[in-house]
Amino acid sequence: MAEIILPKINLPEAKVTATAGGAPLIAIEQLSLYYGASKALKNISLNLGEKIVTAFIGPSGCGKSTLLRCLNRMNDLIDNVRIEGAIKIGGHEIYNKDVDVIELRKRVGMVFQKSNPFPKSIYENVAYGLRLHGVKNRSALDEAVEQSLQQSALWDEVKDRLHSSALGLSGGQQQRLCIARAIAIKPEIILMDEPASALDPIATTRIEELILNLKKDFTIVIVTHNMQQAARISDETAFFYIGELVEFGPTTKIFTNPAQKRTEDYVTGRFG
Amino acid sequence: MGIHRGHRARPLEWLAEKFIFLVSLSTILMVFLIFLFVAREALPIFLGQADTALIQKAIPPDQLETLSPAKLQQYLDLTPQQFVTMDRETLKSLMELKQDAQNEIPEKFRNDPDARANTTDWHYLLLPHQWSGYAKPEYIWQPVGQIQKYNIIPLLVGTLKVTLIGLLFAVPLAVGAAIYVSQLARPRVREIVKPTIELLSGIPSVVVGVFALLIMATVLQKIFGYQTRLNAFVAGCALGFAVIPVIFSIAEDALTSVPRAYTQAALALGASRWQTAWQIVLPAALPGVFAATVLGFGRAIGETMIVLMVCSASVMSWNIFDSARSITTTIAAEMAEAVSGGPHYRILFMLGALLFAATFVSNMIGGMVIQRFKLKLEGKR
Amino acid sequence: MNTITPPQYLPDNTSDTTRLTRHFRAEKFDFWSFFFSGLTGLATLFILGILAVILTNIVINGWSAISWHFVSTIPKKDFFDASTTGVLPMIVGTTIRVFVMTIFVIPVGVITAIYLTEYAPNTSIITRVIRAAVNNLAGVPSIVFGLFGLGFFINFVGKNMDALLHNPSAVWGQPALIWAALTLAVMTLPVVIVATEESLKAIPPGLREASLALGATKLETIWRIVLPQALPGIMTGGILAVSRAAGEVAPILFTGVAYYMASLPLHVTDQFMDLGYHVFVLATQSPNIEQTRPILYATVLVLLLLTFALNIVAIIIRARMRKKLRALG
């Protein structure tokens, strides 16, 4: 049988290799997660670097979103979930009994697949997290709101209508608003669960540019089912398959010269 | 990173959660309290402690010491709170009063066997009894006079008469209308008719009662030509009106929640809308319609004002064209005249407790049937 | 060539075209379907007709007897004299008791609904018992609530309050506005709970997730995001409770309504007069029904209008809330 010539995925110049920031900010150690009796995550061990973009890729149902939600303990909201193993962020084990989940979520922010702005004004959406943490001074709020909106490349579009309803924005704008809302409280880490999957290609490009910019100040972990997106914006990539971590490494390596056959099959489109 | 503080960091939140939980528990408490405090007033009847015999063995006052406090309290018909506040002298004078009262009983009762009967005893409450001056054993509810008659059978019969007439009137109309609105009419019609019929449930029952009293009674008498203008039949029909919206609402919801797939399959096979509704949808929605009827029954049994305004006399008769008194109207009409703490008062509370038990059971049944029906439609059973 | 086999009910000698067109015409008139459809339609019409008759009857008969004098006078003891009678104390009594009721029923109802929607684990037995209790409360006959008010609030709570406060004569241990209002609150609790629950469930879970992910506690999320959105639904529950309570007479018979009060109720321990009860009195105790008829209908009309007015006020407030939510936060 003739060998199929694999199309070359178009990559930008070779990125800085892994762990450019130094020691792992997020260390996942032998993590397993059970929904009732079924094991959704199987013994995951993974170190995520600081101030880089790490992508989780894999076919539907492989557990990448589940793992992401473990990082800010959003899985606590689901009944019947059980965790084995540990996740250490900045050296602290986050599933420890005396960890304050609220504090954790202030340091680890999240952007969701379907944008969910509050039915409030644009200003109030961004200021929500700040108000939660006790910021009352009007000028401090104004400044922080403007800075966040600038950082999420939304300021120019909304600066004249800050007090109109957030629900009047387009899909792409709403998602950028959600990002602004998340970064307003200056978390160290931002988790993104398929942030552009519901958006058109132009809006998607803007989000991707935004992420590349945010990388300077935040550590970003992004789940995506779009391989090309992962190749475009991430520094390191982890490939998951049915609850297991198959391979993890620099993005260039994963996409051009993966060590595992399953990885190669997935990135070349043989399945998934 | 400063994330260590644990749950103890937010005591206010924990407190608020516990408070919310406690407030929610209060609903369970309320149901218990209702039953508890209604039954509490009726307790002496249940325990057989009340004694309404006209002629009682009078205990001479000088035997005050020989009686235990509990017996003395019962003999003098006092509540525990009243008993405690009284001293020996007061108790002695009460005993004297009671002895005098026994001596003042009119001649005609001295030889009457009924005068010695404790009319709150179960036999008298439930079984027919031949009272002095009557030709044969009768069921009589007549709580006034020297010898009070507390047979509750006439009240049960009255309740049943009125409720059954009401349901016979309401169920076909309400279910028929539900079928029409849900399956046969245009969707636009449903939007208008459903809220309008539910408007009927917003009319206070006193208003329906007025209507029944003034208009319906006359109209129905002209149509059917019976003797008593205000009777159980009129009350039953008016009751039916009040109950129609309840049955309609639930039945219509049940019919509408049958999956469209069933209807479309039948229509595609060439069935008419009526055939589809009658042969496919109604059987599928039957549990829901049944539950609607059960809940309507509960509502009908509990209705007070309509029957109160239409009927007045308590007559033991199965004839629907005679007057009737239901349990609810008896309680409503007679409580004001019942001596607080007296046997009449307690029997009225007992009726209330029975009523509560009956509606409790019928509501549980209706609720369970609806639950199972919903699960069945969702494919979980 | 493909021929269509004719169906059995058509005779063999029909031509092909006739067979095709014949397929779609009704073979015979479906009598029973028509009959039963018509019957159910008649049932619907009948119900609507009765409603119309009741309402027009009231309006026609009552309208002429209503006057400013009627609604603003405190009547003398003789209710049946059309020239001196009035319903002011009844209007005041009904309004106040309903108002006091909402003060109690809305917080308890909303908190319980919040628990059931936001906190209660679905599999817990306690949750099922609470729901069963709410369903049962909804089905208790109104007269039993009256007995409950008498047996619990007046004879237990009230009497004990009097004992604790060392009142020489019964102040709390007798029929009063507060006890009637509390009894009504217990009665209408399920209505508020169900309406609030519906509105809470309608809020998309994504909003709650977004708030929690920003580091808000559950309580903060409920207070800042969920409750404001649910307010119109809560108002609906309040409206329904008010409508129901304004027309109920049975629960207040033993707990606070009076046949005649010389003055308006000012204190929570006062007894009060009531529109619904007054209708009952006029209808059943009038010496001359023909003479009383206009007063009776006028009172009924006032009752309906009052309920209507309370509803409208609440609906307007709710519409304003909805508009505000839609525009901005």
# chains A, B, ... in the order shown; residues from 1 in each chain; ligands from 1
$ interface_residues --of "chain C" --to "chain B" --cutoff "6 Å" --atoms "only C-alpha atoms" --output "PyMOL selection string"
chain C and resi 33+40-41+43-44+112+130+133+141+144+148+151-152+247
$ closest_atom_pairs --of "chain C" --to "chain A" --cutoff "12 Å" --atoms "only C-alpha atoms" --output "tab-separated table"
residue	atom	partner	partner_atom	distance
C:Glu118	CA	A:Leu77	CA	11.0
C:Tyr119	CA	A:Leu77	CA	10.7
C:Ala120	CA	A:Asp79	CA	11.2
C:Pro121	CA	A:Asp79	CA	8.1
C:Asn122	CA	A:Asp79	CA	9.2
C:Thr123	CA	A:Asp79	CA	9.7
C:Ser124	CA	A:Asp79	CA	11.6
C:Ile203	CA	A:Pro119	CA	10.8
C:Pro204	CA	A:Asn116	CA	9.1
C:Pro205	CA	A:Asn116	CA	9.4
C:Gly206	CA	A:Asn116	CA	6.0
C:Leu207	CA	A:Asn116	CA	5.9
C:Arg208	CA	A:Asn116	CA	9.2
C:Glu209	CA	A:Met74	CA	8.2
C:Ala210	CA	A:Asn116	CA	6.6
C:Ser211	CA	A:Gly129	CA	8.2
C:Leu212	CA	A:Arg105	CA	7.7
C:Ala213	CA	A:Arg105	CA	5.8
C:Leu214	CA	A:Lys106	CA	5.9
C:Gly215	CA	A:Arg105	CA	4.7
C:Ala216	CA	A:Ile102	CA	6.4
C:Thr217	CA	A:Ile102	CA	6.5
C:Lys218	CA	A:Ile102	CA	9.6
C:Leu219	CA	A:Leu132	CA	11.7
C:Glu220	CA	A:Leu132	CA	8.2
C:Thr221	CA	A:Leu132	CA	9.9
C:Trp223	CA	A:Leu132	CA	11.6
C:Arg224	CA	A:Tyr128	CA	9.3
C:Ile225	CA	A:Phe118	CA	7.5
C:Val226	CA	A:Phe118	CA	10.0
C:Pro228	CA	A:Pro119	CA	9.8
C:Gln229	CA	A:Pro119	CA	8.3
C:Ala230	CA	A:Pro119	CA	12.0
C:Arg322	CA	A:Pro119	CA	11.6
C:Lys323	CA	A:Pro119	CA	11.9
C:Lys324	CA	A:Lys120	CA	9.9
C:Leu325	CA	A:Pro119	CA	7.0
C:Arg326	CA	A:Pro119	CA	7.4
C:Ala327	CA	A:Ser165	CA	5.9
C:Leu328	CA	A:Ser165	CA	4.6
C:Gly329	CA	A:Lys120	CA	3.5
$ atom_distance --atom1 "CA of Asn160 in chain C" --atom2 "CA of Ile143 in chain C"
23.8 Å
$ interface_residues --of "chain A" --to "chain B" --cutoff "7 Å" --atoms "only C-alpha atoms" --output "PyMOL selection string"
chain A and resi 90+97-100+103-104
$ write_last_selection --atoms "C-alpha atoms" --output "PDB file, in the first residue's frame"
ATOM      1  CA  GLY A  90       2.918  27.555  43.233  1.00  0.00           C
ATOM      2  CA  LYS A  97      -8.632  20.416  53.185  1.00  0.00           C
ATOM      3  CA  ASP A  98      -7.657  23.817  54.477  1.00  0.00           C
ATOM      4  CA  VAL A  99      -7.443  25.527  51.117  1.00  0.00           C
ATOM      5  CA  ASP A 100      -9.850  28.407  50.603  1.00  0.00           C
ATOM      6  CA  GLU A 103      -8.955  32.556  47.151  1.00  0.00           C
ATOM      7  CA  LEU A 104      -7.840  29.916  44.688  1.00  0.00           C
TER       8      LEU A 104
END
$ select_by_dssp --residues "range 54-149 of chain C" --states "helix (DSSP H, G or I)" --output "PyMOL selection string"
chain C and resi 54-63+68-72+88-119+125-139+142-149
$ residues_around --residues "Ser197 in chain A" --least-positions-apart "2" --cutoff "9 Å" --atoms "only C-alpha atoms" --output "PyMOL selection string"
chain A and resi 113-114+194-195+199-200+204+224-226
$ residues_around --residues "range 257-267 of chain A" --least-positions-apart "3" --cutoff "9 Å" --atoms "only C-alpha atoms" --output "JSON list (two decimals) with C-alpha atoms, in the first residue's frame"
[["chain", "number", "residue", "atom", "x", "y", "z"],
["A", 58, "GLY", "CA", -7.47, 15.58, 22.01],
["A", 59, "PRO", "CA", -10.70, 14.13, 20.59],
["A", 227, "MET", "CA", -5.38, 21.58, 16.24],
["A", 239, "PHE", "CA", -2.33, 15.42, 23.93],
["A", 240, "PHE", "CA", -5.00, 13.45, 25.75],
["A", 241, "TYR", "CA", -6.84, 10.35, 24.70],
["A", 246, "VAL", "CA", -0.51, 10.43, 25.78],
["A", 247, "GLU", "CA", 2.23, 12.94, 25.11],
["A", 249, "GLY", "CA", 6.09, 18.55, 24.94],
["A", 252, "THR", "CA", 6.77, 22.19, 17.45],
["A", 253, "LYS", "CA", 7.80, 18.73, 18.46],
["A", 254, "ILE", "CA", 4.25, 17.47, 18.98],
["A", 270, "ARG", "CA", -6.26, 9.94, 10.90],
["A", 271, "PHE", "CA", -8.90, 10.02, 13.62],
["A", 272, "GLY", "CA", -10.69, 12.40, 15.90]]
$ atom_distance --atom1 "CA of Val313 in chain C" --atom2 "CA of Ala181 in chain C"
20.4 Å
$ select_by_dssp --residues "range 46-167 of chain A" --states "strand (DSSP E or B)" --output "VMD selection string"
chain A and resid 46 to 48 53 to 57 81 to 89 92 to 93 99 108 to 111 121 165
$ write_last_selection --atoms "C-alpha atoms" --output "compact mmCIF listing (two decimals), in the first residue's frame"
# COMPACT_ATOMS: atom_id res chain seq x y z
CA LEU A 46 2.10 16.98 34.05
CA ASN A 47 4.15 20.11 34.74
CA LEU A 48 2.96 23.39 33.25
CA VAL A 53 0.59 29.15 26.66
CA THR A 54 -0.04 25.45 27.16
CA ALA A 55 -2.66 23.75 25.00
CA PHE A 56 -4.66 20.64 25.87
CA ILE A 57 -5.73 18.84 22.70
CA VAL A 81 -16.90 13.71 41.71
CA ARG A 82 -13.92 12.17 43.47
CA ILE A 83 -10.24 13.12 43.11
CA GLU A 84 -7.13 11.02 43.71
CA GLY A 85 -3.65 12.42 43.47
CA ALA A 86 -2.63 16.06 43.78
CA ILE A 87 -2.40 19.34 41.97
CA LYS A 88 0.15 21.84 43.21
CA ILE A 89 -0.05 25.45 42.16
CA HIS A 92 0.58 24.60 47.39
CA GLU A 93 -1.56 21.53 47.05
CA VAL A 99 -7.44 25.53 51.12
CA VAL A 108 -6.77 31.12 38.76
CA GLY A 109 -9.28 32.70 36.41
CA MET A 110 -11.45 31.04 33.80
CA VAL A 111 -12.98 31.89 30.44
CA SER A 121 -23.45 47.06 31.87
CA SER A 165 -25.82 46.50 28.48
$ residues_around --residues "Val157 in chain C" --least-positions-apart "2" --cutoff "12 Å" --atoms "only C-alpha atoms" --output "ChimeraX atom specification"
/B:37 /C:148-155,159-164,170-175,178-179,182
